[in-house]
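Next comes structure37.txt, a file with compact mmCIF, C-alpha atoms and all ligand atoms.
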```txt
# COMPACT_ATOMS: atom_id res chain seq x y z
CA MET A 1 -11.65 103.66 -83.33
CA GLN A 2 -14.66 101.38 -83.83
CA THR A 3 -14.39 99.20 -86.92
CA GLN A 4 -17.38 97.02 -86.11
CA VAL A 5 -20.14 99.36 -87.15
CA ARG A 6 -23.74 99.30 -88.29
CA SER A 7 -23.37 101.30 -91.51
CA VAL A 8 -20.65 102.64 -93.76
CA PHE A 9 -21.14 105.43 -96.31
CA ILE A 10 -18.48 106.10 -98.95
CA SER A 11 -18.55 108.06 -102.19
CA ASP A 12 -16.44 109.80 -104.82
CA VAL A 13 -14.02 106.91 -105.17
CA HIS A 14 -13.47 107.64 -108.90
CA LEU A 15 -12.28 104.14 -109.84
CA GLY A 16 -10.77 104.21 -113.31
CA THR A 17 -8.78 107.40 -112.72
CA THR A 18 -5.19 107.97 -111.58
CA ALA A 19 -6.41 110.04 -108.62
CA CYS A 20 -8.25 107.15 -106.93
CA GLN A 21 -6.70 106.10 -103.59
CA ALA A 22 -7.69 102.45 -104.02
CA GLN A 23 -5.05 101.01 -101.65
CA TYR A 24 -6.41 102.88 -98.61
CA LEU A 25 -10.01 102.12 -99.53
CA LEU A 26 -9.17 98.42 -99.85
CA ASP A 27 -7.56 98.44 -96.43
CA PHE A 28 -10.61 100.21 -95.00
CA LEU A 29 -13.11 97.82 -96.60
CA ARG A 30 -11.15 94.81 -95.37
CA THR A 31 -10.93 96.12 -91.81
CA CYS A 32 -14.50 97.29 -91.32
CA GLN A 33 -17.35 94.98 -90.43
CA THR A 34 -20.69 96.48 -91.28
CA GLU A 35 -24.34 95.51 -91.76
CA TYR A 36 -24.94 98.20 -94.40
CA LEU A 37 -22.58 99.57 -97.02
CA TYR A 38 -23.84 102.61 -98.92
CA LEU A 39 -21.98 103.58 -102.10
CA VAL A 40 -23.07 107.18 -102.41
CA GLY A 41 -22.09 107.86 -106.03
CA ASP A 42 -19.12 108.58 -108.30
CA ILE A 43 -17.76 105.15 -107.43
CA ILE A 44 -16.61 104.37 -110.99
CA ASP A 45 -15.68 107.41 -113.06
CA LEU A 46 -17.33 106.50 -116.34
CA LEU A 47 -17.13 110.14 -117.46
CA TYR A 48 -13.33 110.19 -117.18
CA MET A 49 -13.08 106.72 -118.71
CA ARG A 50 -14.57 108.03 -121.95
CA ARG A 51 -11.31 109.93 -122.46
CA ARG A 52 -8.80 107.69 -120.69
CA VAL A 53 -8.97 104.49 -118.70
CA HIS A 54 -6.81 103.88 -115.66
CA PHE A 55 -8.38 100.77 -114.18
CA THR A 56 -5.65 98.91 -112.25
CA PRO A 57 -5.79 95.45 -110.61
CA GLN A 58 -6.26 97.33 -107.32
CA HIS A 59 -9.35 99.03 -108.73
CA GLU A 60 -10.64 95.60 -109.72
CA GLU A 61 -9.97 94.39 -106.20
CA VAL A 62 -12.13 97.18 -104.79
CA VAL A 63 -15.02 95.97 -106.93
CA GLU A 64 -14.31 92.33 -105.94
CA THR A 65 -14.19 93.22 -102.24
CA ILE A 66 -17.51 95.05 -102.43
CA LEU A 67 -19.16 92.13 -104.24
CA ALA A 68 -17.73 89.71 -101.67
CA LEU A 69 -19.21 91.81 -98.86
CA ALA A 70 -22.61 91.61 -100.60
CA ARG A 71 -22.26 87.82 -100.88
CA ASN A 72 -21.32 87.49 -97.24
CA GLY A 73 -24.35 89.25 -95.80
CA THR A 74 -23.59 92.99 -95.92
CA ARG A 75 -26.48 94.87 -97.46
CA VAL A 76 -24.82 96.89 -100.23
CA ILE A 77 -26.78 99.86 -101.60
CA TYR A 78 -25.40 101.72 -104.61
CA ILE A 79 -26.64 105.22 -105.43
CA PRO A 80 -24.96 106.28 -108.70
CA GLY A 81 -23.68 109.86 -108.97
CA ASN A 82 -23.03 112.16 -111.92
CA HIS A 83 -19.73 110.49 -112.88
CA ASP A 84 -21.38 107.05 -112.92
CA ALA A 85 -24.80 108.28 -114.06
CA LEU A 86 -24.89 105.56 -116.72
CA MET A 87 -25.58 103.10 -113.89
CA ARG A 88 -28.78 104.96 -113.07
CA ARG A 89 -30.53 102.91 -115.73
CA PHE A 90 -30.32 100.00 -113.25
CA CYS A 91 -32.09 101.88 -110.45
CA GLY A 92 -34.65 99.67 -108.75
CA GLN A 93 -32.74 96.53 -109.68
CA MET A 94 -30.41 94.18 -107.86
CA VAL A 95 -27.14 93.54 -109.73
CA ALA A 96 -24.68 90.93 -108.38
CA GLY A 97 -26.23 91.22 -104.93
CA VAL A 98 -26.02 95.03 -104.95
CA GLU A 99 -29.21 97.11 -104.70
CA ILE A 100 -29.15 100.12 -107.04
CA HIS A 101 -31.27 103.17 -106.22
CA ARG A 102 -31.54 106.83 -107.21
CA HIS A 103 -31.70 107.76 -103.52
CA ARG A 104 -32.59 105.97 -100.31
CA VAL A 105 -33.94 106.45 -96.81
CA HIS A 106 -31.64 105.11 -94.12
CA TYR A 107 -33.14 104.15 -90.76
CA CYS A 108 -30.63 104.49 -87.94
CA ALA A 109 -30.36 102.06 -85.03
CA ASP A 110 -32.15 104.65 -82.89
CA GLY A 111 -35.01 105.06 -85.39
CA ARG A 112 -33.94 108.35 -86.98
CA ARG A 113 -34.50 108.71 -90.72
CA PHE A 114 -31.84 110.03 -93.09
CA PHE A 115 -32.21 110.87 -96.76
CA VAL A 116 -29.24 109.51 -98.75
CA SER A 117 -28.35 110.80 -102.22
CA HIS A 118 -25.21 111.71 -104.16
CA GLY A 119 -25.82 115.46 -104.09
CA ASP A 120 -25.39 116.52 -107.71
CA GLU A 121 -29.09 117.39 -107.80
CA PHE A 122 -28.11 120.68 -106.10
CA ASP A 123 -25.63 121.74 -108.80
CA SER A 124 -28.09 123.97 -110.58
CA ALA A 125 -29.28 125.49 -107.31
CA ILE A 126 -25.77 126.60 -106.37
CA HIS A 127 -24.74 127.41 -109.97
CA ALA A 128 -21.54 125.47 -109.54
CA GLY A 129 -21.62 122.52 -111.90
CA VAL A 130 -18.64 123.62 -113.96
CA PHE A 131 -16.78 124.74 -110.88
CA TRP A 132 -16.97 121.32 -109.17
CA HIS A 133 -15.91 119.74 -112.39
CA MET A 134 -12.72 121.80 -112.23
CA VAL A 135 -12.15 121.09 -108.57
CA GLY A 136 -12.52 117.39 -109.16
CA ASP A 137 -10.32 117.25 -112.21
CA LEU A 138 -7.34 119.39 -111.36
CA SER A 139 -4.90 117.79 -109.01
CA HIS A 140 -2.46 119.78 -106.96
CA HIS A 141 0.44 118.34 -108.91
CA LEU A 142 -1.09 119.39 -112.17
CA LEU A 143 -1.62 122.90 -110.84
CA LEU A 144 2.02 123.22 -109.89
CA ARG A 145 3.06 122.16 -113.37
CA LEU A 146 0.54 124.55 -114.83
CA ASN A 147 1.98 127.34 -112.69
CA THR A 148 5.47 126.68 -114.08
CA LEU A 149 4.14 126.59 -117.62
CA VAL A 150 2.08 129.76 -117.29
CA ASN A 151 4.98 131.71 -115.82
CA GLY A 152 7.44 130.35 -118.38
CA LEU A 153 5.16 131.74 -121.08
CA ARG A 154 4.77 135.02 -119.23
CA ARG A 155 8.55 135.38 -119.02
CA LEU A 156 8.81 134.84 -122.78
CA LEU A 157 6.23 137.56 -123.26
CA LYS A 158 8.16 139.74 -120.76
CA MET A 159 5.23 139.77 -118.39
CA PRO A 160 5.72 139.74 -114.59
CA TYR A 161 5.32 136.64 -112.46
CA TRP A 162 1.70 135.87 -111.67
CA SER A 163 0.82 133.49 -108.90
CA LEU A 164 -1.61 130.83 -109.91
CA ALA A 165 -1.62 129.73 -106.26
CA GLY A 166 -2.70 133.20 -105.16
CA TYR A 167 -5.43 133.21 -107.74
CA LEU A 168 -6.54 129.80 -106.52
CA LYS A 169 -6.69 130.99 -102.93
CA GLN A 170 -9.25 133.52 -104.06
CA ARG A 171 -11.13 130.77 -105.79
CA ILE A 172 -10.94 128.65 -102.65
CA GLY A 173 -12.59 131.50 -100.75
CA LYS A 174 -15.32 131.20 -103.32
CA ALA A 175 -15.30 127.41 -102.91
CA SER A 176 -16.03 127.63 -99.21
CA LYS A 177 -19.01 129.81 -100.05
CA PHE A 178 -20.21 127.15 -102.49
CA ILE A 179 -19.75 124.46 -99.86
CA ARG A 180 -21.71 126.44 -97.28
CA ARG A 181 -24.53 126.94 -99.77
CA PHE A 182 -24.53 123.28 -100.72
CA GLU A 183 -24.73 122.21 -97.07
CA THR A 184 -27.56 124.64 -96.37
CA ILE A 185 -29.58 123.56 -99.39
CA ALA A 186 -29.18 119.88 -98.50
CA ALA A 187 -30.21 120.54 -94.91
CA HIS A 188 -33.26 122.55 -96.09
CA GLN A 189 -34.25 119.66 -98.31
CA ALA A 190 -34.06 117.19 -95.40
CA ARG A 191 -36.11 119.53 -93.22
CA GLU A 192 -38.75 120.05 -95.87
CA LEU A 193 -39.11 116.30 -96.37
CA LYS A 194 -39.26 115.82 -92.58
CA PHE A 195 -36.09 113.78 -92.29
CA ASP A 196 -33.68 113.91 -89.38
CA GLY A 197 -30.78 114.51 -91.72
CA PHE A 198 -29.17 114.36 -95.14
CA ILE A 199 -26.27 112.11 -96.19
CA CYS A 200 -24.42 112.82 -99.42
CA GLY A 201 -21.04 113.20 -101.13
CA HIS A 202 -20.26 114.92 -104.44
CA ILE A 203 -18.38 118.03 -103.25
CA HIS A 204 -15.26 116.18 -101.99
CA GLN A 205 -15.55 117.88 -98.65
CA SER A 206 -16.46 115.70 -95.71
CA GLY A 207 -18.50 117.27 -92.98
CA MET A 208 -21.05 116.85 -90.25
CA ARG A 209 -23.09 119.77 -89.01
CA ARG A 210 -26.35 120.51 -87.34
CA ILE A 211 -28.11 123.07 -89.48
CA ASP A 212 -31.52 124.34 -88.40
CA GLY A 213 -32.19 121.19 -86.40
CA VAL A 214 -31.21 118.60 -89.03
CA LEU A 215 -27.93 116.74 -89.31
CA TYR A 216 -25.98 117.29 -92.54
CA CYS A 217 -23.40 114.58 -93.23
CA ASN A 218 -20.97 114.41 -96.14
CA ASP A 219 -18.81 111.30 -96.44
CA GLY A 220 -16.04 113.09 -98.42
CA ASP A 221 -13.96 111.27 -101.06
CA TRP A 222 -11.24 108.72 -101.84
CA VAL A 223 -9.21 110.75 -104.32
CA GLU A 224 -7.70 113.19 -101.87
CA HIS A 225 -9.08 113.05 -98.34
CA CYS A 226 -9.80 109.31 -97.82
CA THR A 227 -12.83 109.71 -95.59
CA ALA A 228 -15.87 107.62 -94.72
CA LEU A 229 -18.99 108.21 -92.69
CA VAL A 230 -19.96 105.40 -90.33
CA GLU A 231 -22.92 104.77 -88.08
CA THR A 232 -21.97 103.00 -84.87
CA ARG A 233 -24.03 100.14 -83.53
CA GLN A 234 -25.62 102.61 -81.13
CA GLY A 235 -26.81 104.70 -84.09
CA GLN A 236 -24.35 107.60 -83.83
CA PHE A 237 -22.46 109.01 -86.79
CA GLU A 238 -18.69 109.38 -87.02
CA LEU A 239 -16.44 110.71 -89.78
CA LEU A 240 -13.27 108.69 -90.28
CA HIS A 241 -10.04 109.43 -92.10
CA TRP A 242 -8.31 106.26 -93.29
CA ALA A 243 -4.90 106.50 -94.98
CA ASP A 244 -1.41 105.84 -93.50
CA HIS A 245 -2.70 107.67 -90.48
CA LYS A 246 -6.17 106.76 -89.22
CA GLU A 247 -8.36 108.91 -87.04
CA VAL A 248 -11.90 109.89 -86.11
CA LEU A 249 -12.33 113.37 -87.55
CA LEU A 250 -15.70 114.10 -85.98
CA ARG A 251 -18.20 112.42 -83.70
CA GLU A 252 -21.84 113.32 -83.76
CA THR A 253 -21.89 113.15 -79.98
CA GLU A 254 -19.23 115.87 -79.81
CA LEU A 255 -20.92 118.33 -82.17
CA THR A 256 -21.41 121.58 -80.36
CA GLU A 257 -22.31 124.18 -82.95
CA ASP A 258 -25.82 124.52 -84.25
CA TRP A 259 -25.63 126.55 -87.40
CA ASP A 260 -28.34 128.84 -88.60
CA ALA A 261 -28.80 128.20 -92.25
CA ILE A 262 -27.87 131.05 -94.56
CA PRO A 263 -30.80 132.39 -96.57
CA GLN A 264 -31.40 130.37 -99.69
CA VAL A 265 -30.00 132.11 -102.77
CA ASN A 266 -31.84 131.70 -106.03
MN MN B 1 -20.30 113.90 -108.10
```

Once you've parsed the file, please lay out its structure as structure tokens.
Amino acid sequence: MQTQVRSVFISDVHLGTTACQAQYLLDFLRTCQTEYLYLVGDIIDLLYMRRRVHFTPQHEEVVETILALARNGTRVIYIPGNHDALMRRFCGQMVAGVEIHRHRVHYCADGRRFFVSHGDEFDSAIHAGVFWHMVGDLSHHLLLRLNTLVNGLRRLLKMPYWSLAGYLKQRIGKASKFIRRFETIAAHQARELKFDGFICGHIHQSGMRRIDGVLYCNDGDWVEHCTALVETRQGQFELLHWADHKEVLLRETELTEDWDAIPQVN
């Protein structure tokens, strides 16, 4: 696995919440050497922190490590998302060596141009704002506890067992439809704006696909999947998983499928 790369894209870190996998991210940031570091939104979960704050020394260390990278020559570009939208007021400014932008164009080593944004701008187009909110907020553990609670209540009311998991599987079927729509809409946007591809996060589902001739890349998240998108020094994209086990999930050079985009749904 190459750890000396040209660019790194990470998003959906959700610092300030219990779900954040800060220890793996720290290890990743300390191992990787990169010219560009893109923070593609939802880095600090200011939305969650309105209700509760879970900002540990490890979370602080993530911030420190990123600032140290900026001091030591890595170009750090921060594109706030919907959970850290408050930071959007600093767009166009440089704060502590970090450039803050609403979105950005990334030029690859081989000259290709990619549009980089968080991805929440498509929420209204896929009618899924509330849905993603649920996906992001409910952990598996919480669901299991909820299942026990729901069925305890049902027993009291002499109602039969009802599987929350089964219900969720149905919802997951729906989720994959949402994801497909999101990917298609992002790819359409890149095509319309004459970019070679689109890089985003937001949906907590890493991916790399060729759709209608453009490359859709999603860098995933650091609350569940621990994934990052990197551009090698040769200008090729790779999706990495970095936890106890580390692996390359996908290489651009090995992509075979070329999806036809599904018709845009309004
Ligand atoms: Mn988001």

Near stretch 191-197 of chain A, within 12 Å and counting all atoms listed in the file, which residues show up once chain neighbours fewer than 4 positions away are dropped, as a JSON list (two decimals) with C-alpha atoms, in the frame of the given file?
```
[["chain", "number", "residue", "atom", "x", "y", "z"],
["A", 104, "ARG", "CA", -32.59, 105.97, -100.31],
["A", 105, "VAL", "CA", -33.94, 106.45, -96.81],
["A", 106, "HIS", "CA", -31.64, 105.11, -94.12],
["A", 107, "TYR", "CA", -33.14, 104.15, -90.76],
["A", 108, "CYS", "CA", -30.63, 104.49, -87.94],
["A", 110, "ASP", "CA", -32.15, 104.65, -82.89],
["A", 111, "GLY", "CA", -35.01, 105.06, -85.39],
["A", 112, "ARG", "CA", -33.94, 108.35, -86.98],
["A", 113, "ARG", "CA", -34.50, 108.71, -90.72],
["A", 114, "PHE", "CA", -31.84, 110.03, -93.09],
["A", 115, "PHE", "CA", -32.21, 110.87, -96.76],
["A", 116, "VAL", "CA", -29.24, 109.51, -98.75],
["A", 117, "SER", "CA", -28.35, 110.80, -102.22],
["A", 183, "GLU", "CA", -24.73, 122.21, -97.07],
["A", 184, "THR", "CA", -27.56, 124.64, -96.37],
["A", 185, "ILE", "CA", -29.58, 123.56, -99.39],
["A", 186, "ALA", "CA", -29.18, 119.88, -98.50],
["A", 187, "ALA", "CA", -30.21, 120.54, -94.91],
["A", 208, "MET", "CA", -21.05, 116.85, -90.25],
["A", 209, "ARG", "CA", -23.09, 119.77, -89.01],
["A", 210, "ARG", "CA", -26.35, 120.51, -87.34],
["A", 211, "ILE", "CA", -28.11, 123.07, -89.48],
["A", 212, "ASP", "CA", -31.52, 124.34, -88.40],
["A", 213, "GLY", "CA", -32.19, 121.19, -86.40],
["A", 214, "VAL", "CA", -31.21, 118.60, -89.03],
["A", 215, "LEU", "CA", -27.93, 116.74, -89.31],
["A", 216, "TYR", "CA", -25.98, 117.29, -92.54],
["A", 217, "CYS", "CA", -23.40, 114.58, -93.23],
["A", 218, "ASN", "CA", -20.97, 114.41, -96.14],
["A", 237, "PHE", "CA", -22.46, 109.01, -86.79],
["A", 261, "ALA", "CA", -28.80, 128.20, -92.25]]
```

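Distance check against ligand MN 1 (chain B) using all atoms listed in the file: of A:His103, A:His225, A:Arg75, A:His202, the minimum falls on A:His202.
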
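With atom CA of A:Gln189 on one side and atom CA of A:Asp123 on the other, the separation reads 13.7 Å.
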
Pick the closest to A:Met87 from A:Leu46, A:Leu149, A:Leu164, A:Leu239: which is it, counting all atoms listed in the file? A:Leu46

Environment of ligand MN 1 (chain B) within 9 Å, counting all atoms listed in the file, reported as number ranges by chain: A: 11-12, 41-42, 80-84, 118-120, 132-133, 136, 201-204

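Going from atom CA of A:His59 to atom CA of A:Arg71 covers 18.8 Å.
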
Where atoms are lacking, stretch 1-30 of chain A completed to N, CA and C atoms, as a PDB file, in the coordinates of the input:
```
ATOM      1  N   MET A   1     -10.738 103.469 -82.199  1.00  0.00           N
ATOM      2  CA  MET A   1     -11.650 103.660 -83.330  1.00  0.00           C
ATOM      3  C   MET A   1     -12.477 102.388 -83.539  1.00  0.00           C
ATOM      4  N   GLN A   2     -13.789 102.546 -83.618  1.00  0.00           N
ATOM      5  CA  GLN A   2     -14.660 101.380 -83.830  1.00  0.00           C
ATOM      6  C   GLN A   2     -14.622 100.951 -85.289  1.00  0.00           C
ATOM      7  N   THR A   3     -14.331  99.670 -85.539  1.00  0.00           N
ATOM      8  CA  THR A   3     -14.390  99.200 -86.920  1.00  0.00           C
ATOM      9  C   THR A   3     -15.516  98.192 -87.112  1.00  0.00           C
ATOM     10  N   GLN A   4     -16.161  97.816 -85.999  1.00  0.00           N
ATOM     11  CA  GLN A   4     -17.380  97.020 -86.110  1.00  0.00           C
ATOM     12  C   GLN A   4     -18.527  97.997 -85.986  1.00  0.00           C
ATOM     13  N   VAL A   5     -19.146  98.291 -87.129  1.00  0.00           N
ATOM     14  CA  VAL A   5     -20.140  99.360 -87.150  1.00  0.00           C
ATOM     15  C   VAL A   5     -21.450  98.846 -87.750  1.00  0.00           C
ATOM     16  N   ARG A   6     -22.459  99.711 -87.718  1.00  0.00           N
ATOM     17  CA  ARG A   6     -23.740  99.300 -88.290  1.00  0.00           C
ATOM     18  C   ARG A   6     -23.797  99.658 -89.774  1.00  0.00           C
ATOM     19  N   SER A   7     -23.322 100.860 -90.111  1.00  0.00           N
ATOM     20  CA  SER A   7     -23.370 101.300 -91.510  1.00  0.00           C
ATOM     21  C   SER A   7     -22.113 102.046 -91.901  1.00  0.00           C
ATOM     22  N   VAL A   8     -21.778 101.912 -93.176  1.00  0.00           N
ATOM     23  CA  VAL A   8     -20.650 102.640 -93.760  1.00  0.00           C
ATOM     24  C   VAL A   8     -21.163 103.375 -94.991  1.00  0.00           C
ATOM     25  N   PHE A   9     -20.779 104.640 -95.123  1.00  0.00           N
ATOM     26  CA  PHE A   9     -21.140 105.430 -96.310  1.00  0.00           C
ATOM     27  C   PHE A   9     -19.838 105.920 -96.950  1.00  0.00           C
ATOM     28  N   ILE A  10     -19.644 105.570 -98.231  1.00  0.00           N
ATOM     29  CA  ILE A  10     -18.480 106.100 -98.950  1.00  0.00           C
ATOM     30  C   ILE A  10     -18.951 106.620-100.316  1.00  0.00           C
ATOM     31  N   SER A  11     -18.213 107.566-100.853  1.00  0.00           N
ATOM     32  CA  SER A  11     -18.550 108.060-102.190  1.00  0.00           C
ATOM     33  C   SER A  11     -17.323 108.656-102.851  1.00  0.00           C
ATOM     34  N   ASP A  12     -17.497 109.092-104.089  1.00  0.00           N
ATOM     35  CA  ASP A  12     -16.440 109.800-104.820  1.00  0.00           C
ATOM     36  C   ASP A  12     -15.101 109.052-104.787  1.00  0.00           C
ATOM     37  N   VAL A  13     -15.194 107.773-105.143  1.00  0.00           N
ATOM     38  CA  VAL A  13     -14.020 106.910-105.170  1.00  0.00           C
ATOM     39  C   VAL A  13     -13.269 107.108-106.509  1.00  0.00           C
ATOM     40  N   HIS A  14     -14.019 107.388-107.557  1.00  0.00           N
ATOM     41  CA  HIS A  14     -13.470 107.640-108.900  1.00  0.00           C
ATOM     42  C   HIS A  14     -12.533 106.527-109.381  1.00  0.00           C
ATOM     43  N   LEU A  15     -13.005 105.280-109.256  1.00  0.00           N
ATOM     44  CA  LEU A  15     -12.280 104.140-109.840  1.00  0.00           C
ATOM     45  C   LEU A  15     -12.140 104.391-111.335  1.00  0.00           C
ATOM     46  N   GLY A  16     -10.980 103.995-111.887  1.00  0.00           N
ATOM     47  CA  GLY A  16     -10.770 104.210-113.310  1.00  0.00           C
ATOM     48  C   GLY A  16      -9.983 105.469-113.602  1.00  0.00           C
ATOM     49  N   THR A  17      -9.600 106.205-112.536  1.00  0.00           N
ATOM     50  CA  THR A  17      -8.780 107.400-112.720  1.00  0.00           C
ATOM     51  C   THR A  17      -7.478 107.251-111.916  1.00  0.00           C
ATOM     52  N   THR A  18      -6.478 108.045-112.281  1.00  0.00           N
ATOM     53  CA  THR A  18      -5.190 107.970-111.580  1.00  0.00           C
ATOM     54  C   THR A  18      -5.305 108.526-110.155  1.00  0.00           C
ATOM     55  N   ALA A  19      -6.301 109.375-109.924  1.00  0.00           N
ATOM     56  CA  ALA A  19      -6.410 110.040-108.620  1.00  0.00           C
ATOM     57  C   ALA A  19      -6.963 109.126-107.522  1.00  0.00           C
ATOM     58  N   CYS A  20      -7.594 108.026-107.898  1.00  0.00           N
ATOM     59  CA  CYS A  20      -8.250 107.150-106.930  1.00  0.00           C
ATOM     60  C   CYS A  20      -7.266 106.532-105.930  1.00  0.00           C
ATOM     61  N   GLN A  21      -7.573 106.645-104.649  1.00  0.00           N
ATOM     62  CA  GLN A  21      -6.700 106.100-103.590  1.00  0.00           C
ATOM     63  C   GLN A  21      -7.174 104.688-103.217  1.00  0.00           C
ATOM     64  N   ALA A  22      -7.113 103.782-104.191  1.00  0.00           N
ATOM     65  CA  ALA A  22      -7.690 102.450-104.020  1.00  0.00           C
ATOM     66  C   ALA A  22      -7.043 101.654-102.888  1.00  0.00           C
ATOM     67  N   GLN A  23      -5.734 101.832-102.668  1.00  0.00           N
ATOM     68  CA  GLN A  23      -5.050 101.010-101.650  1.00  0.00           C
ATOM     69  C   GLN A  23      -5.596 101.285-100.256  1.00  0.00           C
ATOM     70  N   TYR A  24      -5.878 102.550 -99.941  1.00  0.00           N
ATOM     71  CA  TYR A  24      -6.410 102.880 -98.610  1.00  0.00           C
ATOM     72  C   TYR A  24      -7.852 102.407 -98.479  1.00  0.00           C
ATOM     73  N   LEU A  25      -8.609 102.545 -99.564  1.00  0.00           N
ATOM     74  CA  LEU A  25     -10.010 102.120 -99.530  1.00  0.00           C
ATOM     75  C   LEU A  25     -10.088 100.601 -99.322  1.00  0.00           C
ATOM     76  N   LEU A  26      -9.206  99.876-100.004  1.00  0.00           N
ATOM     77  CA  LEU A  26      -9.170  98.420 -99.850  1.00  0.00           C
ATOM     78  C   LEU A  26      -8.898  98.044 -98.397  1.00  0.00           C
ATOM     79  N   ASP A  27      -7.913  98.700 -97.819  1.00  0.00           N
ATOM     80  CA  ASP A  27      -7.560  98.440 -96.430  1.00  0.00           C
ATOM     81  C   ASP A  27      -8.756  98.737 -95.516  1.00  0.00           C
ATOM     82  N   PHE A  28      -9.440  99.831 -95.798  1.00  0.00           N
ATOM     83  CA  PHE A  28     -10.610 100.210 -95.000  1.00  0.00           C
ATOM     84  C   PHE A  28     -11.726  99.170 -95.125  1.00  0.00           C
ATOM     85  N   LEU A  29     -12.020  98.775 -96.361  1.00  0.00           N
ATOM     86  CA  LEU A  29     -13.110  97.820 -96.600  1.00  0.00           C
ATOM     87  C   LEU A  29     -12.815  96.452 -95.980  1.00  0.00           C
ATOM     88  N   ARG A  30     -11.522  96.103 -95.933  1.00  0.00           N
ATOM     89  CA  ARG A  30     -11.150  94.810 -95.370  1.00  0.00           C
ATOM     90  C   ARG A  30     -11.140  94.823 -93.844  1.00  0.00           C
TER      91      ARG A  30
END
```
